[in-house]
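**Q** What follows is the file upload_28.txt, containing compact mmCIF, C-alpha atoms:
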# COMPACT_ATOMS: atom_id res chain seq x y z
CA MET A 1 67.35 12.02 -14.27
CA ALA A 2 66.59 13.09 -17.85
CA GLY A 3 64.65 16.23 -17.07
CA PRO A 4 61.75 17.82 -15.23
CA ALA A 5 59.19 15.51 -16.94
CA ALA A 6 61.06 12.38 -15.87
CA LEU A 7 61.47 13.77 -12.36
CA ARG A 8 57.76 14.54 -12.18
CA ALA A 9 56.91 11.03 -13.40
CA ALA A 10 59.24 9.51 -10.80
CA LEU A 11 57.65 11.61 -8.05
CA ASP A 12 54.16 10.61 -9.21
CA ARG A 13 55.15 6.96 -9.09
CA ALA A 14 56.66 7.40 -5.65
CA ALA A 15 53.49 9.09 -4.45
CA ALA A 16 51.40 6.24 -5.84
CA HIS A 17 53.27 3.22 -4.62
CA GLY A 18 56.64 4.14 -3.15
CA VAL A 19 59.98 4.01 -4.85
CA THR A 20 60.33 0.24 -4.84
CA ARG A 21 58.11 -1.63 -7.26
CA PRO A 22 55.60 -3.93 -5.60
CA GLY A 23 56.13 -7.52 -6.60
CA CYS A 24 56.03 -11.10 -5.45
CA PRO A 25 57.39 -14.51 -6.44
CA LEU A 26 55.15 -16.38 -8.86
CA THR A 27 54.18 -19.91 -7.97
CA GLY A 28 51.56 -20.24 -10.70
CA ALA A 29 48.78 -18.43 -12.50
CA ALA A 30 46.70 -18.27 -9.29
CA THR A 31 49.32 -16.05 -7.64
CA ALA A 32 49.33 -13.70 -10.64
CA ARG A 33 45.52 -13.49 -10.57
CA ARG A 34 45.50 -12.69 -6.87
CA PHE A 35 48.28 -10.11 -7.26
CA LEU A 36 46.43 -8.39 -10.12
CA CYS A 37 43.11 -8.26 -8.23
CA THR A 38 44.74 -6.96 -5.07
CA GLN A 39 46.52 -4.19 -6.97
CA ILE A 40 43.30 -3.14 -8.72
CA GLU A 41 41.49 -3.13 -5.39
CA MET A 42 44.20 -0.99 -3.79
CA THR A 43 44.48 1.65 -6.52
CA ARG A 44 42.33 4.69 -5.84
CA LEU A 45 43.79 7.46 -7.99
CA PRO A 46 43.70 7.02 -11.81
CA ARG A 47 46.72 4.90 -12.67
CA ARG A 48 47.99 2.67 -15.46
CA LEU A 49 49.24 -0.53 -13.83
CA THR A 50 51.75 -2.37 -15.97
CA PHE A 51 52.41 -5.94 -14.87
CA LEU A 52 55.90 -7.24 -15.58
CA MET A 53 56.80 -10.91 -15.63
CA ASP A 54 60.51 -11.34 -14.93
CA ASP A 55 60.93 -7.61 -15.69
CA VAL A 56 59.19 -7.83 -19.09
CA PRO A 57 56.00 -5.74 -19.44
CA ARG A 58 53.21 -8.18 -20.36
CA LEU A 59 49.87 -6.66 -19.42
CA TRP A 60 48.52 -3.25 -18.49
CA CYS A 61 45.35 -2.22 -16.69
CA ASP A 62 43.88 1.28 -16.39
CA VAL A 63 42.41 1.58 -12.92
CA ALA A 64 40.69 4.25 -10.81
CA GLY A 65 38.75 4.03 -7.58
CA GLY A 66 39.49 0.33 -7.23
CA ARG A 67 37.77 -0.33 -10.59
CA LEU A 68 39.20 -1.68 -13.82
CA LEU A 69 38.62 0.72 -16.72
CA ALA A 70 40.63 -0.91 -19.52
CA PHE A 71 43.32 -3.48 -20.13
CA GLY A 72 45.60 -4.60 -22.92
CA THR A 73 49.01 -5.88 -23.81
CA PRO A 74 51.97 -3.54 -24.41
CA GLU A 75 52.73 -5.07 -27.82
CA ASP A 76 49.38 -4.26 -29.33
CA ASP A 77 47.36 -1.45 -27.77
CA ARG A 78 44.78 -1.70 -30.55
CA THR A 79 43.33 -4.81 -28.93
CA ALA A 80 42.75 -3.02 -25.64
CA SER A 81 39.39 -3.69 -23.99
CA ARG A 82 37.72 -0.60 -22.61
CA LEU A 83 35.36 -1.44 -19.78
CA ASP A 84 34.25 2.15 -19.18
CA ASP A 85 32.29 1.95 -22.42
CA PRO A 86 28.69 0.80 -21.79
CA GLU A 87 28.68 -1.21 -25.03
CA ALA A 88 31.82 -3.04 -23.99
CA VAL A 89 30.35 -3.74 -20.54
CA SER A 90 27.54 -5.70 -22.21
CA GLN A 91 30.25 -8.18 -23.22
CA LEU A 92 31.84 -8.07 -19.80
CA SER A 93 32.17 -11.79 -19.15
CA GLU A 94 33.92 -12.27 -22.48
CA ALA A 95 36.29 -9.36 -21.80
CA LEU A 96 37.18 -10.65 -18.33
CA GLN A 97 37.81 -14.13 -19.67
CA ASP A 98 40.14 -12.47 -22.17
CA LEU A 99 41.91 -10.75 -19.25
CA ALA A 100 42.28 -14.08 -17.42
CA GLY A 101 43.68 -15.72 -20.57
CA ARG A 102 46.20 -12.94 -21.20
CA LEU A 103 47.32 -12.98 -17.58
CA ASP A 104 47.70 -16.76 -17.44
CA ARG A 105 49.69 -16.81 -20.70
CA ALA A 106 51.96 -14.03 -19.43
CA ALA A 107 52.52 -15.76 -16.09
CA LYS A 108 53.36 -19.12 -17.62
CA GLY A 109 56.97 -20.00 -16.87
CA ALA A 110 57.68 -16.66 -15.14
CA ASN A 111 59.28 -16.54 -11.71
CA ARG A 112 58.32 -13.08 -10.50
CA ILE A 113 55.56 -10.57 -11.08
CA THR A 114 56.17 -6.87 -10.46
CA LEU A 115 54.12 -3.75 -10.94
CA ARG A 116 54.97 -0.43 -12.56
CA THR A 117 52.54 2.45 -12.14
CA ALA A 118 52.07 5.66 -14.06
CA PRO A 119 49.52 8.44 -13.56
CA LEU A 120 46.52 8.61 -15.89
CA PRO A 121 44.28 11.57 -16.68
CA ALA A 122 41.07 11.49 -14.66
CA PRO A 123 38.58 9.14 -16.33
CA ALA A 124 35.47 10.54 -17.96
CA PRO A 125 32.59 11.09 -15.51
CA THR A 126 30.60 8.43 -17.37
CA ALA A 127 33.35 5.83 -17.03
CA SER A 128 32.06 3.19 -14.64
CA GLY A 129 34.60 0.41 -14.97
CA VAL A 130 34.39 -2.94 -13.25
CA PRO A 131 34.84 -3.28 -9.47
CA ALA A 132 37.77 -5.38 -8.24
CA GLU A 133 35.30 -7.79 -6.63
CA ARG A 134 33.74 -8.54 -10.04
CA VAL A 135 37.19 -9.01 -11.57
CA ALA A 136 38.11 -11.36 -8.72
CA GLN A 137 34.92 -13.32 -9.36
CA ALA A 138 35.74 -13.62 -13.08
CA LEU A 139 39.25 -14.79 -12.24
CA GLY A 140 37.93 -17.55 -10.01
CA LEU A 141 38.75 -15.85 -6.71
CA SER A 142 35.18 -15.25 -5.65
CA LEU A 143 32.94 -18.16 -6.47
CA VAL A 144 29.67 -17.34 -4.83
CA PRO A 145 26.63 -19.19 -6.18
CA LEU A 146 24.00 -16.98 -7.74
CA GLN A 147 21.43 -17.77 -5.08
CA PRO A 148 22.47 -16.49 -1.62
CA GLU A 149 19.94 -18.84 0.03
CA GLU A 150 21.71 -21.83 -1.50
CA PHE A 151 25.07 -20.51 -0.30
CA LEU A 152 23.79 -19.85 3.23
CA ASP A 153 22.16 -23.29 3.46
CA LEU A 154 25.40 -24.93 2.41
CA PHE A 155 27.39 -22.88 4.92
CA LEU A 156 25.05 -23.71 7.80
CA GLN A 157 25.13 -27.38 6.86
CA GLN A 158 28.95 -27.44 6.85
CA ALA A 159 29.44 -25.32 9.97
CA GLY A 160 26.49 -26.89 11.82
CA PRO A 161 28.50 -28.79 14.49
CA ALA A 162 30.14 -25.57 15.67
CA LEU A 163 27.05 -23.36 15.66
CA ARG A 164 24.99 -22.79 18.80
CA ALA A 165 22.46 -20.43 17.20
CA ALA A 166 22.05 -18.71 13.82
CA ALA A 167 19.64 -16.14 12.47
CA GLN A 168 19.19 -14.07 9.34
CA LEU A 169 18.81 -10.31 9.67
CA SER A 170 16.61 -8.72 7.06
CA GLU A 171 15.25 -5.20 7.24
CA ASP A 172 15.58 -5.02 11.05
CA MET A 173 13.80 -8.37 11.45
CA LEU A 174 15.58 -11.43 12.80
CA TYR A 175 14.61 -14.79 11.33
CA PRO A 176 15.92 -17.81 13.32
CA LEU A 177 17.74 -20.42 11.25
CA THR A 178 18.24 -22.81 14.16
CA GLU A 179 15.99 -23.86 17.03
CA GLU A 180 14.72 -21.05 19.23
CA GLY A 181 15.70 -21.04 22.90
CA THR A 182 17.92 -19.23 25.36
CA GLU A 183 20.86 -19.24 22.96
CA MET A 184 18.77 -17.57 20.26
CA GLU A 185 17.73 -14.92 22.78
CA TYR A 186 21.38 -14.40 23.70
CA LEU A 187 22.27 -14.10 20.00
CA ALA A 188 19.55 -11.48 19.50
CA GLU A 189 21.01 -9.49 22.43
CA MET A 190 24.50 -9.75 21.00
CA ILE A 191 23.36 -8.56 17.57
CA GLU A 192 21.69 -5.55 19.15
CA THR A 193 24.91 -4.79 21.04
CA VAL A 194 27.31 -5.04 18.10
CA LEU A 195 25.21 -3.66 15.23
CA PRO A 196 26.09 0.03 15.87
CA ASP A 197 29.81 -0.89 15.88
CA LEU A 198 29.49 -3.07 12.77
CA ASP A 199 27.77 -0.23 10.93
CA THR A 200 30.75 2.02 11.57
CA LEU A 201 33.43 -0.43 10.43
CA PRO A 202 35.66 1.12 7.76
CA ASP A 203 34.74 0.42 4.16
CA GLY A 204 37.94 -0.54 2.40
CA PRO A 205 39.93 -3.23 0.66
CA GLY A 206 40.24 -5.27 3.85
CA LEU A 207 36.58 -5.18 4.70
CA PRO A 208 34.45 -4.29 1.69
CA ARG A 209 31.03 -3.24 2.96
CA ALA A 210 29.25 -4.24 -0.22
CA GLY A 211 31.15 -7.45 -0.87
CA ASP A 212 30.70 -10.98 0.42
CA ARG A 213 32.57 -11.50 3.64
CA LEU A 214 32.81 -13.46 6.84
CA LEU A 215 33.65 -11.72 10.11
CA ILE A 216 34.42 -13.83 13.19
CA LEU A 217 34.76 -12.02 16.51
CA SER A 218 36.39 -13.87 19.42
CA PRO A 219 35.57 -12.10 22.69
CA GLU A 220 37.30 -13.03 25.92
CA GLY A 221 35.53 -15.85 27.78
CA ALA A 222 32.50 -16.06 25.47
CA ASP A 223 31.26 -17.77 22.32
CA LEU A 224 32.42 -16.59 18.90
CA LEU A 225 30.09 -14.20 17.14
CA LEU A 226 30.08 -14.36 13.37
CA GLN A 227 28.58 -12.15 10.72
CA LEU A 228 28.28 -13.52 7.22
CA SER A 229 27.29 -11.33 4.26
CA CYS A 230 26.41 -12.73 0.87
CA SER A 231 24.75 -10.83 -1.99
CA GLY A 232 22.92 -8.57 0.44
CA ALA A 233 21.83 -11.36 2.80
CA GLN A 234 23.17 -11.12 6.35
CA VAL A 235 23.46 -13.97 8.84
CA PHE A 236 24.61 -13.82 12.46
CA ALA A 237 25.58 -16.84 14.52
CA LEU A 238 27.09 -17.89 17.83
CA ALA A 239 29.77 -20.56 17.55
CA GLN A 240 31.94 -22.57 19.90
CA PRO A 241 35.27 -20.99 20.91
CA GLY A 242 38.13 -22.42 18.85
CA SER A 243 35.99 -23.26 15.81
CA GLU A 244 37.45 -20.53 13.55
CA MET A 245 39.06 -23.08 11.23
CA LEU A 246 35.82 -25.01 10.71
CA LEU A 247 33.90 -21.77 10.08
CA LEU A 248 36.43 -20.55 7.51
CA ASP A 249 36.53 -23.95 5.83
CA SER A 250 32.75 -24.04 5.64
CA TRP A 251 32.69 -20.57 4.15
CA HIS A 252 35.27 -21.49 1.51
CA ARG A 253 33.49 -24.75 0.64
CA ALA A 254 30.13 -23.01 0.30
CA ARG A 255 31.76 -20.59 -2.17
CA GLU A 256 33.04 -23.37 -4.39
CA PRO A 257 31.00 -23.96 -7.55
CA THR A 258 28.38 -26.65 -7.20
CA MET B 1 60.08 -5.77 18.99
CA ALA B 2 62.34 -7.26 16.35
CA PHE B 3 61.35 -7.01 12.69
CA ASP B 4 62.91 -10.46 12.33
CA THR B 5 60.17 -11.90 14.51
CA LEU B 6 57.50 -10.74 12.07
CA ALA B 7 59.54 -11.85 9.06
CA ALA B 8 60.00 -15.29 10.63
CA LEU B 9 56.24 -15.69 11.10
CA ARG B 10 55.49 -14.60 7.53
CA THR B 11 58.08 -16.80 5.87
CA GLU B 12 56.98 -19.81 7.92
CA PHE B 13 53.69 -19.88 6.00
CA ASP B 14 53.65 -19.61 2.19
CA SER B 15 50.17 -18.14 2.19
CA CYS B 16 51.01 -15.37 4.65
CA GLU B 17 51.31 -12.17 2.63
CA ARG B 18 52.09 -9.69 5.38
CA VAL B 19 52.32 -9.32 9.15
CA LEU B 20 51.80 -6.08 11.04
CA PHE B 21 52.41 -5.20 14.69
CA VAL B 22 50.17 -2.28 15.58
CA ASP B 23 49.28 -0.05 18.50
CA LEU B 24 45.50 0.13 18.66
CA SER B 25 45.37 3.08 21.07
CA THR B 26 47.33 5.39 18.76
CA ARG B 27 46.40 3.61 15.50
CA THR B 28 50.06 3.30 14.64
CA VAL B 29 51.84 0.61 12.66
CA LEU B 30 54.85 -0.20 14.86
CA ALA B 31 56.46 -2.73 12.51
CA TRP B 32 55.52 -4.80 9.50
CA ASP B 33 56.86 -7.33 7.06
CA GLY B 34 55.53 -8.36 3.66
CA ALA B 35 56.53 -9.72 0.28
CA VAL B 36 54.82 -6.84 -1.49
CA LYS B 37 55.72 -3.27 -0.66
CA LEU B 38 52.65 -1.33 0.38
CA PRO B 39 52.00 2.41 0.50
CA GLN B 40 51.62 3.84 4.01
CA GLU B 41 47.90 4.55 3.54
CA ARG B 42 47.29 0.85 2.89
CA LEU B 43 49.11 -0.08 6.11
CA ASP B 44 47.12 2.58 7.95
CA ALA B 45 43.91 1.08 6.55
CA LEU B 46 44.84 -2.35 7.94
CA CYS B 47 45.65 -0.76 11.29
CA HIS B 48 42.28 1.00 11.21
CA LEU B 49 40.61 -2.33 10.43
CA ALA B 50 42.30 -3.90 13.47
CA THR B 51 41.29 -0.99 15.71
CA ALA B 52 37.68 -1.10 14.54
CA THR B 53 37.13 -4.87 14.71
CA LEU B 54 39.03 -5.52 17.94
CA GLY B 55 37.32 -2.50 19.48
CA ILE B 56 33.86 -4.03 19.15
CA GLY B 57 32.82 -4.43 22.79
CA GLY B 58 29.99 -5.67 24.93
CA ILE B 59 30.13 -9.30 23.84
CA GLY B 60 32.66 -10.75 26.27
CA ALA B 61 34.46 -10.22 29.53
CA GLY B 62 37.03 -7.77 28.17
CA PRO B 63 36.64 -4.23 26.85
CA GLY B 64 36.94 -5.40 23.25
CA CYS B 65 37.53 -8.57 21.25
CA GLN B 66 40.62 -10.68 21.73
CA GLN B 67 40.70 -11.80 18.10
CA ALA B 68 38.90 -11.08 14.83
CA VAL B 69 39.01 -12.94 11.53
CA VAL B 70 37.84 -11.19 8.38
CA ALA B 71 37.56 -13.29 5.23
CA GLY B 72 36.82 -11.90 1.76
CA ALA B 73 37.24 -12.75 -1.90
CA THR B 74 40.97 -12.08 -2.01
CA GLY B 75 42.00 -13.65 1.29
CA CYS B 76 41.58 -13.14 5.00
CA HIS B 77 42.96 -11.05 7.84
CA ILE B 78 43.59 -12.39 11.33
CA LEU B 79 43.77 -9.65 13.94
CA ARG B 80 44.79 -10.57 17.49
CA ARG B 81 45.63 -8.62 20.63
CA VAL B 82 48.93 -9.77 22.13
CA ALA B 83 47.14 -10.22 25.49
CA PRO B 84 43.55 -9.74 26.71
CA GLY B 85 42.85 -6.01 26.83
CA ALA B 86 46.30 -5.10 25.44
CA ASP B 87 46.68 -2.15 23.10
CA GLU B 88 49.16 -3.95 20.85
CA ALA B 89 47.97 -6.39 18.22
CA LEU B 90 49.30 -8.65 15.48
CA CYS B 91 47.63 -8.58 12.05
CA CYS B 92 48.25 -11.28 9.45
CA THR B 93 46.99 -11.06 5.86
CA LEU B 94 46.56 -14.47 4.25
CA ALA B 95 45.86 -15.68 0.75
CA PRO B 96 42.65 -17.62 0.01
CA GLY B 97 42.89 -21.24 1.13
CA ALA B 98 45.57 -20.52 3.73
CA ALA B 99 46.18 -23.03 6.50
CA VAL B 100 44.49 -20.89 9.14
CA GLY B 101 44.40 -23.84 11.54
CA ALA B 102 48.19 -23.86 11.63
CA ILE B 103 48.65 -20.10 11.70
CA LEU B 104 46.25 -19.35 14.60
CA PRO B 105 48.21 -21.28 17.28
CA ARG B 106 51.50 -19.88 15.93
CA MET B 107 50.12 -16.34 16.19
CA ALA B 108 48.90 -17.05 19.73
CA GLN B 109 52.37 -18.31 20.64
CA LEU B 110 54.03 -15.23 19.18
CA CYS B 111 51.55 -12.96 20.99
CA GLU B 112 52.54 -14.57 24.29
CA THR B 113 56.17 -13.83 23.51
CA LEU B 114 55.40 -10.25 22.52
CA SER B 115 53.37 -9.57 25.66
CA GLY B 116 56.11 -10.90 27.95
CA PRO B 117 58.19 -8.54 30.14
CA ALA B 118 61.38 -9.23 28.17
CA SER B 119 59.71 -8.09 24.98
CA ARG B 120 58.45 -4.88 26.62
CA ARG B 121 61.99 -4.01 27.67
CA GLN B 122 63.22 -4.48 24.10
CA ALA B 123 60.44 -2.39 22.50
How would this structure read if it were set down as structure tokens?

**A**
Amino acid sequence: MAGPAALRAALDRAAAHGVTRPGCPLTGAATARRFLCTQIEMTRLPRRLTFLMDDVPRLWCDVAGGRLLAFGTPEDDRTASRLDDPEAVSQLSEALQDLAGRLDRAAKGANRITLRTAPLPAPAPTASGVPAERVAQALGLSLVPLQPEEFLDLFLQQAGPALRAAAQLSEDMLYPLTEEGTEMEYLAEMIETVLPDLDTLPDGPGLPRAGDRLLILSPEGADLLLQLSCSGAQVFALAQPGSEMLLLDSWHRAREPT
Amino acid sequence: MAFDTLAALRTEFDSCERVLFVDLSTRTVLAWDGAVKLPQERLDALCHLATATLGIGGIGAGPGCQQAVVAGATGCHILRRVAPGADEALCCTLAPGAAVGAILPRMAQLCETLSGPASRRQA
């Protein structure tokens, strides 16, 4: 150890991510994109994340609170894009495409991606950054159509054979999406039962409260209950036991660009 | 509970990023395996997710749910009690587009093994 500063830096790194660098084998640009998004999503304290391809630093991202504040390449910091600057945010799509391009170029031909972290000073109070979800969307990991109605229609069409009843919840009102009957009444009862528990689910990387998600609950000896959130719209449905695969497939297909 | 069992499940599926074996009653991660090293708070968050989703009650015969699947932009989590009403659960984190249809029966099979008397003696 070179001195107190190096020791402090090592301790900070250990506190942030442990003493072993996170990393994973690269099987293509898609893996690198997923790895980058996951690391941004997971980073809460202000940190500079340096991504190494086969142990060579190729890209860095300044992150805090699960939001991307800036990124650049180690060779030329002058070309860094700062996303905490409101003017830069107006060209957000362009900047994120630049990020995707840099990442894909860096990942090309590499066998392993690893992460090195270093503490950053706290960002300015005005720094907003870009949420990991938005970065994931720009990198092709979250392809939700702009219109939630279109997405929900597509999902219901795909998952139709497995669904017994479906309804949209909006401002405490339930709007049936399938034929009304005893199953719709049962669904309404189930929603009333689970809503208090759903409201208290933890908000975190695994289950982002604000993001688009699909939650399938499989109770013992009963139909599946699913909750689907998309751009603020919320749909509940009852589905046949054992139809998890069809429901997930339908959700993924509905998220593909049309 | 052998760590090898979790590692075997994870390495069987390319898209499986990590597998956790958790105790829902004490919110404790008993064992885990993953390609990417995670800080403890991240593992605790996954354990908390399992406790919260599998604890949702009143919709079936048991006190909570037997299984929950949570899908988001960066992948999905499958959370499953080793047996109906059991406090132990398996949690798998999968990449987007994972072969969930193949992983679900494999997880169910492993849960049966983990809930067996021989496994309890080993734990």

**Q** Pick from B:Gln67, B:Arg10, B:Leu90, B:Leu49: nearest to B:Ala31, with all atoms listed in the file counted?

**A**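 Among the listed residues, the smallest separation from B:Ala31 belongs to B:Leu90.
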
**Q** Nearest to chain A among B:Leu79, B:Leu94, B:Pro105, B:Gly58, with distances taken over all atoms listed in the file: which residue is it?

**A**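 Smallest separation from chain A among the options: B:Gly58.
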
**Q** Within 10 Å of A:Glu183, counting all atoms listed in the file, which residues show up once you throw out same-chain ones fewer than 3 positions away? Write them as an MDAnalysis selection string, please.

**A** chainID A and resid 164:166 178:180 186:189 237:238

**Q** Write the residues of the preceding selection, restricted to C-alpha atoms, as a PDB file, keeping the file's coordinate frame.

**A**
ATOM      1  CA  ARG A 164      24.990 -22.790  18.800  1.00  0.00           C
ATOM      2  CA  ALA A 165      22.460 -20.430  17.200  1.00  0.00           C
ATOM      3  CA  ALA A 166      22.050 -18.710  13.820  1.00  0.00           C
ATOM      4  CA  THR A 178      18.240 -22.810  14.160  1.00  0.00           C
ATOM      5  CA  GLU A 179      15.990 -23.860  17.030  1.00  0.00           C
ATOM      6  CA  GLU A 180      14.720 -21.050  19.230  1.00  0.00           C
ATOM      7  CA  TYR A 186      21.380 -14.400  23.700  1.00  0.00           C
ATOM      8  CA  LEU A 187      22.270 -14.100  20.000  1.00  0.00           C
ATOM      9  CA  ALA A 188      19.550 -11.480  19.500  1.00  0.00           C
ATOM     10  CA  GLU A 189      21.010  -9.490  22.430  1.00  0.00           C
ATOM     11  CA  ALA A 237      25.580 -16.840  14.520  1.00  0.00           C
ATOM     12  CA  LEU A 238      27.090 -17.890  17.830  1.00  0.00           C
TER      13      LEU A 238
END

**Q** Kindly provide, as number ranges by chain, the polymer residues lying within 6 Å of (33.5, -13.0, 9.8), counting only C-alpha atoms and using the coordinates exactly as they appear in the file.

**A** A: 214-216, 226-228; B: 69-70

**Q** Pull the closest atom pair for each residue of chain B that gets at most 6 Å from chain A, along with the distance in Å to one decimal, counting only C-alpha atoms, ordering rows by chain and then ascending residue number, as CSV.

**A**
residue,atom,partner,partner_atom,distance
B:Ala35,CA,A:Cys24,CA,5.9
B:Val36,CA,A:Pro22,CA,5.1
B:Lys37,CA,A:Pro22,CA,5.0
B:Pro39,CA,A:His17,CA,5.3
B:Ala52,CA,A:Leu201,CA,6.0
B:Gly60,CA,A:Pro219,CA,4.8
B:Ala61,CA,A:Glu220,CA,5.4
B:Gly62,CA,A:Glu220,CA,5.7
B:Cys65,CA,A:Pro219,CA,4.3
B:Gln66,CA,A:Pro219,CA,5.3
B:Gln67,CA,A:Ser218,CA,5.0
B:Ala68,CA,A:Leu217,CA,4.6
B:Val69,CA,A:Ile216,CA,5.0
B:Val70,CA,A:Leu215,CA,4.6
B:Ala71,CA,A:Leu214,CA,5.0
B:Gly72,CA,A:Arg213,CA,4.7
B:Ala73,CA,A:Ser142,CA,5.0
B:Gly101,CA,A:Met245,CA,5.4

**Q** Nearest residue to B:His48 out of B:Leu30, B:Ala98, B:Cys92, B:Leu24, using all atoms listed in the file?

**A**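 Counting all atoms listed in the file, the residue closest to B:His48 is B:Leu24.
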
**Q** Atom CA of B:Leu38 and atom CA of A:Leu99, how far apart in Å?

**A**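 Answer for the atom CA of A:Leu99 to atom CA of B:Leu38 separation: 24.3 Å.
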
**Q** For atom CA of A:Thr117 and atom CA of A:Gly72, determine how far apart the two atoms are, in Å to one decimal place.

**A** 14.6 Å

**Q** Provide the atom CA of B:Thr74 to atom CA of B:Pro96 distance in Å, to one decimal place.

**A**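 Computing it gives 6.1 Å between the two atoms.
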
**Q** Please list as a JSON list (two decimals) with C-alpha atoms, keeping the file's coordinate frame every residue within 8 Å of A:Pro121, counting only C-alpha atoms and excluding residues in the same chain fewer than 2 positions away.

**A**
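Output file selection-v2.json follows:
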[["chain", "number", "residue", "atom", "x", "y", "z"],
["A", 46, "PRO", "CA", 43.70, 7.02, -11.81],
["A", 119, "PRO", "CA", 49.52, 8.44, -13.56],
["A", 123, "PRO", "CA", 38.58, 9.14, -16.33]]

**Q** Considering only C-alpha atoms, can you say which of B:Ala95, B:Leu6, B:Ile56, B:Leu46 comes closest to B:Gly34?

**A**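 Closest to B:Gly34, using only C-alpha atoms: B:Leu6.
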
**Q** Measuring between only C-alpha atoms, which one of B:Ala89, B:Ala50, B:Leu43, B:Ala7 shows the shortest distance to B:Glu112?

**A**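 Once distances to B:Glu112 are computed over only C-alpha atoms, the minimum belongs to B:Ala89.
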
**Q** Show me, as a ChimeraX atom specification, the residues that have an atom within 7 Å of B:Ala83 when counting all atoms listed in the file, minus same-chain residues fewer than 3 positions from it.

**A** /B:86,111,115

**Q** Which one of B:Cys76, B:Ala8, B:Leu104, B:Asp87 sits closest to B:Thr28 if you count only C-alpha atoms?

**A** B:Asp87
